[in-house]
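Data first, discussion second: the structure below is written as structure tokens.
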Amino acid sequence: MPAETTLERDDAQVSGLDALELAPRREKGNLGRRVWRSAWPKLLAIALVLLVWQSVVWAEWKPIYVLPSPATVFTDLGNVITTGDFWGGVRVTMTRAFTGFLLAVVIGTVIGALVSQFAPLRAAIGSLITGLQTMPSIMWFPLAILLFQLSESAILFVVVLGAAPSVANGLISGIDYVPRTWLRAGQVMGMRGIAKYRHLILPASLPSFISGLKQGWAFSWRSLMAGELLVIVPGALSIGVRMQQARDLSDSSLVICYIIVVLIIGILIDVLFNKADNSLRKRWGLLS
Amino acid sequence: MPAETTLERDDAQVSGLDALELAPRREKGNLGRRVWRSAWPKLLAIALVLLVWQSVVWAEWKPIYVLPSPATVFTDLGNVITTGDFWGGVRVTMTRAFTGFLLAVVIGTVIGALVSQFAPLRAAIGSLITGLQTMPSIMWFPLAILLFQLSESAILFVVVLGAAPSVANGLISGIDYVPRTWLRAGQVMGMRGIAKYRHLILPASLPSFISGLKQGWAFSWRSLMAGELLVIVPGALSIGVRMQQARDLSDSSLVICYIIVVLIIGILIDVLFNKADNSLRKRWGLLS
Amino acid sequence: GGDDNGAASATGGGSDAATLRLGYFPNITHAPALIGVNKGFFQTALGSTKLDTKTFNAGPAAIEALFSGAIDATYIGPNPAINGWAQSKGTGLKIIAGSTSGGAGLVVKEGINSPADLKGKKIATPQLGNTQDVALRAWLKENGLNADQQGGGDVSVLPQDNATALQAFAQGAIDGAWVPEPNYSRLLLESKGKVLVDEKTLWPNQLFVTTHLIVTQKFLKEHPATVKKLLQGHLESLDYIEKNKADAQKAANAQLEALSGKPLKDNVLEASFKNLTFTADPVAASLFTSAKHAKEVGLLKPVDLNGIYDLGPLNELLKAAGKPEVSDAAA
Amino acid sequence: MSLLDQKTESVVRLEGVSKSYGDLLALDRVSLTVRQGEFVCLLGASGCGKSTLLSLVAGLDAITGGTLDIGGRKVSLMFQEAALFPWLSVRGNVELPLKLQGVSRAERRRRAEELLDIVRLAGFADKRPHELSGGMRQRVALARALAQDADILLMDEPFGALDAMTRDILHDELERIWREQHLTVLFVTHNVHEAVRLGDRVILLSSRPGRVIEDYAITHERPRRIDSPEVSGQAAEITDRLRSEVARHAR
Amino acid sequence: MSLLDQKTESVVRLEGVSKSYGDLLALDRVSLTVRQGEFVCLLGASGCGKSTLLSLVAGLDAITGGTLDIGGRKVSLMFQEAALFPWLSVRGNVELPLKLQGVSRAERRRRAEELLDIVRLAGFADKRPHELSGGMRQRVALARALAQDADILLMDEPFGALDAMTRDILHDELERIWREQHLTVLFVTHNVHEAVRLGDRVILLSSRPGRVIEDYAITHERPRRIDSPEVSGQAAEITDRLRSEVARHAR
Ligand SMILES: Nc1ncnc2c1ncn2[C@@H]1O[C@H](COP(=O)(O)OP(=O)(O)OP(=O)(O)O)[C@@H](O)[C@H]1O
Ligand SMILES: Nc1ncnc2c1ncn2[C@@H]1O[C@H](COP(=O)(O)OP(=O)(O)OP(=O)(O)O)[C@@H](O)[C@H]1O
Ligand SMILES: [Mg+2]
Ligand SMILES: [Mg+2]
């Protein structure tokens, strides 16, 4: 048969097969509906918690100054969050959190890259990195003061020590699991040195890196709450200090307020990380 | 051709191909060599740290009572770990750590299983679980006292709250990623209810569960170090209390001693987890 | 006054420091510092030397900061000062003035009326080996009750932080607590506790040190003039408290609010102020006695406290103001 | 000699079966009968609903129209990925369906040995799945499917991921086991040669929605060779039909 | 008409090449010449060292004996798994080798469009690899390999993981591109039909250690069909030879 017809027939076949293999796009359902679907159980859960809480209060199991009623707590919360001071404190704390976390990311990344690159380095400090993770933050205070005196840097130091190990571990395991075929493909394309890192190793270890970041965030946040007690820098009062003070004042309603505040911040950040994680996974096709 | 000969020829071919496909076993190199290979960088690293430390001390950058020399610290460490009291404290702390961790595992597993099973429950408290992780342990003290007074249970409560979310999250993501074909295979075999969990879901989510455990351990250990300050239960002084006391006494040598102790415990446990993780991965063929 | 280490008190020489970094706690027992900062007494006295204040939540952190050179002087309780002195083998710091006396004691639940009633009970203290902890243990011993460091014995002594102690007492998880102000008053006023021991009654003249002012020996040697100016501000603050009690209370509470966001309740503030005595006298005798007690109950290794005080500059100022000098004698 | 000629009873009967996922019609009025002992191959391009059809027969999914009748018979199912459980040894995998049926330990062991013998893996009982090659894993999966003692064996592209040589050999093996065990097989594949090599009948499905467009009876004598001229000839014919079906979907 | 007849210059020359990993001899004195524009298929059972041989030619691994000469020519390599980078779009993947060569942005874009056109994926430049089917991914991998502008294209079972129909079509595509672009191809496969369908020559390797045992010249006229009687016939002959080689390794 003549080559012409073969080619033409092939064209139809190729694109026909392509069309078949790509599953038809599905509608996702309308947005409002999706939001509602994910929102109602949360609202229900909150309602349930409030109900149980209020019942316990009504039952007078504990004196009201030990276990305040939801109404008291939310009034207090309302009072707290409507002061400019509070938002100043949130700003101070979040600034520290982000600065510390960014520093931790930079440091963790460098350490992770070095450790995954040099086998002896890994044997030397691989376990140490995880060992550091289990060190309670207060143990770093003396060292922090020693190195950085009483400054913002001392707080950041504690935060960095809390978060950097997780970040480094995430990167290390990401690099470890870069598939061999990708490495070989890169090598054949002539990737060497920096180009190899830039075009292959770093992007390839991204998903594991992100979960390291997520874990690192949890650690850094907890370290920050402790570390903020290290020094009170004049200006707005940070969340950590406020929390401690609520405890010192034995103001249980205020304590619960701040538990709620910290929880909400924690959840918001978690949601952000999940969004990043999911969109990455979707782009990579790691999710269905 | 007669069926007989076909079958016979096939037999040789099948086992010939099987033999070819199974790569020949390789020797692993002798044990002493392997141990040495992983040990020397660690020893070198320790030697380097000691050297730098000693140099800083010699340079008299800070007074000796602020930054004690390695010799002082190791003498102190020697003195500390040769007392029966210290080991009593280690026992107390490790008992709490393991009890708390076990409890956290049980509770985290139950919650994880429930959440991954019921979609509304997940929507309701999925984020909350991670939010809890970012709550600093001291914020749980008031609640712990409220619920458990000042008892061992109050400490365990703090530990459990620290670790259970990680465990639950590990299980949830493990269950989420059980491959669909396994689920279908199980269904065709007639797995339902408990049998499905026992024979399919739980073993399938094991690797992710183990990394959840590992992370949970780090959190629970840090929570414990904070939580032990909550109450001194009559008996030996726990590690957390000893650490706090070293700080209270401004005894920097003792502080460094306890940093070393906590680091070593952290590393030992990490090594255990890694062993478990690796042997599981090897059995599953997830490692090469 | 004065002792062998008279270099600082000898002259007013040495250059003024560019900055003085002063530490204190947002706590009513540090009222002279709170008021001095709030009213600007320190800065006025220091003149061209810039005042840089740092606040701490606990003694150990303040000592760490002092030792690592992050601050030059700080208000602090007797206990961390002794520990710092012992750890630095007498080279790290000097006590240069007293600040606060009194304001601590044992508050217990209803139904406990005598030491004997404490058998099998749980009593909180702020920290193992601190002043109140030692005071409690010594008092228990005197009354024939024993308590070990692990929380066992006739009476279970449980060191725990203030917040925990308050909450635990309110809920009946502990039976009493030996605490300083303002928690002493708060236990009484808010949690309906009753006083079993007011620590004052255990001391001669009803005086015992609660807070004093320390400075690093290095700073003292290099900038004696600045130290003197600091003391000047300190004395002014004390004066102000003595003369304007009501205003002083207000100023202290304003500074507390600025630092921690929430002022003390008026009744607690008033009660605390009533229980506390603000004086430049470091009540040296009580420090030595307390250290002796600590040694006796095994909470302090033998330590030579000789030379921990340098009251020369203070006495010079007191003399100039026509006030009685203070002594660093052990008894 | 094809088993078709013997007119045994029918074990799977689909009449006008439809299946839609939301507004996507995956199968459109499919009618199909499989008789006892028959080897039926389902052939079609991607997304034509082959896997969907097997799920329906296996009862993993509900039909949305028509009637499906397997007379309460038991089915077992094999996938392209072996779907062996990595936490169990080869023996454990084969024993699992027996365990779920409540067979005693000793009996389980005996049956597993027997089944591993049938798939020529007698010496590999204590290995882990990942220690085996792809072809060996599929043989374990076959043993596991046989352990379910089902009346109907459904196979969804079981050899799709294997290399040609291994597949060739597994064709021989499957044919042998099918004959020895008197199985009824419904076999899904993309591969025309494979379908012609194995089937008593080859059912060709159209794509999106899936409909039966041809039903070829394959009558060449067994055992067949995949590169025999008869198989190649018939494959060429079916391939052309399939290609034109695929080309219909060109952009 | 085979290109063999034209006796063009040789671009790959192996003489007595050996390769051992530790004490495992993977390749044993392999001699082989590939000429400019030739399509050579390497055929052999598992573990016979086909991938090893390609690694050596690609310079990813060092030989342990003999001489290997590619005259400093550039090579590109395609694997069974497309090994596309999921963080790049289809276009990004194809542009990457150009970027590494320092080609300007505009020129890169133009070349990528051209290459995607060649593999008939013009409309898919902005998709992500995971949004494509397996066959489409391999075509992107081919475009990426072509973008390296190499003199020699090495292919390691590039179609091994694809279904039969897709593979069939890709055979036609590869043959077309090979002819249009005047490529020199060294193609590794398990699949005898594929080798005969595509190759000017089929080199049969023995297993463990790998040695050249046959060198078949395939002279059927192109374009060929995989189910044509000529291809089937020659495939059957090679298959028998291969099977007896495999059977040699029986326990
Ligand atoms: N659970 C599901 N939800 C929505 N659509 C589905 C689902 N399963 C399959 N489909 C769609 O139904 C159609 C048929 O799918 P099916 O998997 O049965 O095809 P197939 O013939 O097995 O394809 P392949 O050859 O790719 O395995 C496809 O268009 C697919 O996208
Ligand atoms: N990096 C390596 N280290 C040790 N042994 C190796 C390595 N790579 C390959 N081998 C061994 O060399 C032999 C040849 O391997 P190779 O991968 O080249 O075979 P192949 O013909 O490509 O096999 P397959 O058909 O399975 O792809 C095998 O026995 C294999 O186990
Ligand atoms: Mg399918
Ligand atoms: Mg290979």
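Every chain in the structure tokens has a letter given in the order shown (A, B, ...), and although residue numbers restart at 1 in each chain, ligands are simply numbered from 1 in the order shown.
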
What's around Tyr216 of chain E at 9 Å? Count only C-alpha atoms, leave out sequence neighbours fewer than 3 positions away in its own chain, and write the answer as a CSV table (one decimal) with all heavy atoms, in the first residue's frame.
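Contents of the output file result.csv:
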chain,number,residue,atom,x,y,z
E,200,ASP,N,16.3,-3.0,11.1
E,200,ASP,CA,17.0,-3.4,9.9
E,200,ASP,C,17.8,-4.7,10.2
E,200,ASP,O,18.0,-5.5,9.4
E,200,ASP,CB,18.0,-2.3,9.5
E,200,ASP,CG,17.4,-1.1,9.0
E,200,ASP,OD1,16.3,-1.2,8.3
E,200,ASP,OD2,17.8,0.0,9.3
E,201,ARG,N,18.2,-4.7,11.5
E,201,ARG,CA,18.9,-5.9,12.0
E,201,ARG,C,18.3,-6.2,13.4
E,201,ARG,O,17.9,-5.3,14.1
E,201,ARG,CB,20.4,-5.6,12.2
E,201,ARG,CG,21.2,-5.8,10.9
E,201,ARG,CD,22.5,-5.0,11.0
E,201,ARG,NE,23.3,-5.6,12.0
E,201,ARG,CZ,24.3,-4.9,12.7
E,201,ARG,NH1,24.4,-3.6,12.4
E,201,ARG,NH2,25.0,-5.5,13.6
E,202,VAL,N,18.3,-7.5,13.8
E,202,VAL,CA,17.9,-7.9,15.1
E,202,VAL,C,19.1,-8.6,15.7
E,202,VAL,O,19.5,-9.7,15.1
E,202,VAL,CB,16.6,-8.7,15.1
E,202,VAL,CG1,16.4,-9.3,16.5
E,202,VAL,CG2,15.4,-7.9,14.6
E,203,ILE,N,19.6,-8.1,16.8
E,203,ILE,CA,20.7,-8.8,17.4
E,203,ILE,C,20.2,-9.5,18.6
E,203,ILE,O,19.6,-8.9,19.5
E,203,ILE,CB,21.8,-7.8,17.9
E,203,ILE,CG1,22.0,-6.7,16.9
E,203,ILE,CG2,23.0,-8.4,18.5
E,203,ILE,CD1,23.2,-6.9,16.0
E,204,LEU,N,20.4,-10.8,18.7
E,204,LEU,CA,19.9,-11.6,19.8
E,204,LEU,C,21.1,-11.8,20.8
E,204,LEU,O,22.2,-12.3,20.4
E,204,LEU,CB,19.5,-13.0,19.2
E,204,LEU,CG,18.7,-13.9,20.2
E,204,LEU,CD1,17.4,-13.2,20.6
E,204,LEU,CD2,18.3,-15.2,19.5
E,238,ILE,N,12.7,-16.6,15.3
E,238,ILE,CA,13.5,-16.0,16.3
E,238,ILE,C,13.0,-16.4,17.7
E,238,ILE,O,13.8,-16.7,18.6
E,238,ILE,CB,13.6,-14.4,16.2
E,238,ILE,CG1,14.2,-14.0,14.8
E,238,ILE,CG2,14.4,-13.8,17.3
E,238,ILE,CD1,14.2,-12.6,14.6

Inset, instruction - Could you give me the residues within 10 Å of ligand 3, counting only C-alpha atoms and all ligand atoms, as a list in words? - result: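 Result of the 10 Å neighbour search around ligand 3: Gly44, Ala45, Ser46, Gly47, Cys48, Gly49, Lys50, Ser51, Thr52, Leu53, Leu54, Ser55, Phe79, Gln80, Asp156, Glu157, Val188, Thr189 and His190 of chain D.
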
Restricting it to N, CA and C atoms, dump the selection as a PDB file, in the first residue's frame.
ATOM      1  N   GLY D  44     -11.464  -4.048  23.194  1.00  0.00           N
ATOM      2  CA  GLY D  44     -11.924  -2.705  22.880  1.00  0.00           C
ATOM      3  C   GLY D  44     -10.860  -1.683  23.228  1.00  0.00           C
ATOM      4  N   ALA D  45     -11.013  -0.493  22.636  1.00  0.00           N
ATOM      5  CA  ALA D  45     -10.040   0.560  22.888  1.00  0.00           C
ATOM      6  C   ALA D  45     -10.220   1.110  24.299  1.00  0.00           C
ATOM      7  N   SER D  46      -9.355   2.023  24.662  1.00  0.00           N
ATOM      8  CA  SER D  46      -9.412   2.630  25.990  1.00  0.00           C
ATOM      9  C   SER D  46     -10.777   3.233  26.274  1.00  0.00           C
ATOM     10  N   GLY D  47     -11.193   3.089  27.504  1.00  0.00           N
ATOM     11  CA  GLY D  47     -12.380   3.788  27.960  1.00  0.00           C
ATOM     12  C   GLY D  47     -13.675   3.284  27.365  1.00  0.00           C
ATOM     13  N   CYS D  48     -13.660   2.084  26.790  1.00  0.00           N
ATOM     14  CA  CYS D  48     -14.902   1.617  26.182  1.00  0.00           C
ATOM     15  C   CYS D  48     -15.762   0.901  27.208  1.00  0.00           C
ATOM     16  N   GLY D  49     -15.263   0.790  28.433  1.00  0.00           N
ATOM     17  CA  GLY D  49     -16.105   0.220  29.482  1.00  0.00           C
ATOM     18  C   GLY D  49     -15.840  -1.236  29.782  1.00  0.00           C
ATOM     19  N   LYS D  50     -14.686  -1.726  29.392  1.00  0.00           N
ATOM     20  CA  LYS D  50     -14.365  -3.130  29.669  1.00  0.00           C
ATOM     21  C   LYS D  50     -14.264  -3.379  31.167  1.00  0.00           C
ATOM     22  N   SER D  51     -13.503  -2.520  31.831  1.00  0.00           N
ATOM     23  CA  SER D  51     -13.341  -2.702  33.281  1.00  0.00           C
ATOM     24  C   SER D  51     -14.672  -2.524  33.989  1.00  0.00           C
ATOM     25  N   THR D  52     -15.447  -1.545  33.502  1.00  0.00           N
ATOM     26  CA  THR D  52     -16.766  -1.316  34.083  1.00  0.00           C
ATOM     27  C   THR D  52     -17.604  -2.586  33.988  1.00  0.00           C
ATOM     28  N   LEU D  53     -17.561  -3.219  32.842  1.00  0.00           N
ATOM     29  CA  LEU D  53     -18.364  -4.416  32.647  1.00  0.00           C
ATOM     30  C   LEU D  53     -17.951  -5.510  33.640  1.00  0.00           C
ATOM     31  N   LEU D  54     -16.645  -5.679  33.806  1.00  0.00           N
ATOM     32  CA  LEU D  54     -16.198  -6.695  34.774  1.00  0.00           C
ATOM     33  C   LEU D  54     -16.648  -6.356  36.197  1.00  0.00           C
ATOM     34  N   SER D  55     -16.567  -5.057  36.550  1.00  0.00           N
ATOM     35  CA  SER D  55     -17.016  -4.664  37.893  1.00  0.00           C
ATOM     36  C   SER D  55     -18.471  -5.025  38.106  1.00  0.00           C
ATOM     37  N   PHE D  79      -6.436  -8.480  38.200  1.00  0.00           N
ATOM     38  CA  PHE D  79      -6.199  -7.169  37.591  1.00  0.00           C
ATOM     39  C   PHE D  79      -4.867  -7.134  36.847  1.00  0.00           C
ATOM     40  N   GLN D  80      -4.685  -5.984  36.145  1.00  0.00           N
ATOM     41  CA  GLN D  80      -3.418  -5.779  35.461  1.00  0.00           C
ATOM     42  C   GLN D  80      -2.255  -5.733  36.458  1.00  0.00           C
ATOM     43  N   ASP D 156      -8.965  -8.744  34.112  1.00  0.00           N
ATOM     44  CA  ASP D 156      -8.945  -7.409  33.509  1.00  0.00           C
ATOM     45  C   ASP D 156      -7.524  -7.080  33.044  1.00  0.00           C
ATOM     46  N   GLU D 157      -7.263  -7.337  31.764  1.00  0.00           N
ATOM     47  CA  GLU D 157      -5.920  -7.129  31.199  1.00  0.00           C
ATOM     48  C   GLU D 157      -4.832  -7.689  32.096  1.00  0.00           C
ATOM     49  N   VAL D 188     -10.529  -9.576  29.631  1.00  0.00           N
ATOM     50  CA  VAL D 188     -10.532  -8.258  29.001  1.00  0.00           C
ATOM     51  C   VAL D 188      -9.146  -7.928  28.489  1.00  0.00           C
ATOM     52  N   THR D 189      -9.056  -7.414  27.287  1.00  0.00           N
ATOM     53  CA  THR D 189      -7.736  -7.055  26.761  1.00  0.00           C
ATOM     54  C   THR D 189      -7.839  -5.955  25.706  1.00  0.00           C
ATOM     55  N   HIS D 190      -6.709  -5.269  25.513  1.00  0.00           N
ATOM     56  CA  HIS D 190      -6.536  -4.333  24.414  1.00  0.00           C
ATOM     57  C   HIS D 190      -5.930  -5.039  23.205  1.00  0.00           C
TER      58      HIS D 190
END

Inset, instruction - Using backbone DSSP assignments, extract all helix (DSSP H, G or I) residues from segment 92-177 of chain C; output them as a list in words. - result: Pro115, Ala116, Asp117, Leu118, Thr131, Gln132, Asp133, Val134, Ala135, Leu136, Arg137, Ala138, Trp139, Leu140, Lys141, Glu142, Asn162, Ala163, Thr164, Ala165, Leu166, Gln167, Ala168, Phe169 and Ala170 of chain C

Inset, instruction - Tell me which protein, DNA and RNA residues are within 6 Å of Ala294 of chain C, counting only C-alpha atoms, leaving out same-chain ones fewer than 5 positions away, and put them as a PyMOL selection string. - result: chain C and resi 134+299-300

Just to be explicit: take each residue in the selection above, keep N, CA and C atoms, and write the result as a PDB file, in the first residue's frame.
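Saved as again_3.pdb:
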ATOM      1  N   VAL C 134      12.548  26.695 100.467  1.00  0.00           N
ATOM      2  CA  VAL C 134      13.438  26.485 101.600  1.00  0.00           C
ATOM      3  C   VAL C 134      12.728  26.874 102.883  1.00  0.00           C
ATOM      4  N   LEU C 299      19.423  21.417 100.006  1.00  0.00           N
ATOM      5  CA  LEU C 299      19.098  22.004  98.720  1.00  0.00           C
ATOM      6  C   LEU C 299      20.196  22.921  98.195  1.00  0.00           C
ATOM      7  N   LEU C 300      21.249  23.045  98.949  1.00  0.00           N
ATOM      8  CA  LEU C 300      22.335  23.912  98.507  1.00  0.00           C
ATOM      9  C   LEU C 300      23.647  23.255  98.889  1.00  0.00           C
TER      10      LEU C 300
END

Inset, instruction - May I have the residues within 10 Å of Glu21 of chain A as a list in words, using only C-alpha atoms and disregarding those fewer than 4 positions away in the same chain? - result: Ser15, Gly16 and Leu17 of chain A; Ala45, Ser46, Gly47 and Cys48 of chain D; Glu131, Leu132, Ser133, Gly134, Gly135, Met136 and Thr166 of chain E

Legend entry - chain C contacts on chain B, only C-alpha atoms, 7 Å, as a count of residues only: 19

Legend entry - Long-range neighbours of segment 12-15 of chain D as a list in words, 8 Å cut-off, only C-alpha atoms, 2 positions minimum in chain: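 Skipping anything fewer than 2 positions along the chain leaves Ser10, Val17, Arg29, Val30, Ser31, Leu32, Thr33, Val34, Arg35, Val57, Gly66, Thr67, Leu68, Asp69, Ile70 and Gly71 of chain D.
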
Legend entry - Atom-to-atom span, atom CA of Val167 of chain B and atom CA of Ile210 of chain B, Å: 8.3 Å

Inset, instruction - Check the smallest atom-to-atom distance from each of B:Gln117, B:Gln54, B:Ser220, B:Ser279 to chain A using only C-alpha atoms, then report the winner. - result: B:Ser220

Legend entry - segment 105-109 of chain E surroundings by only C-alpha atoms, 8 Å radius, close-in-sequence under 5 positions cut, as a count of residues only: 3
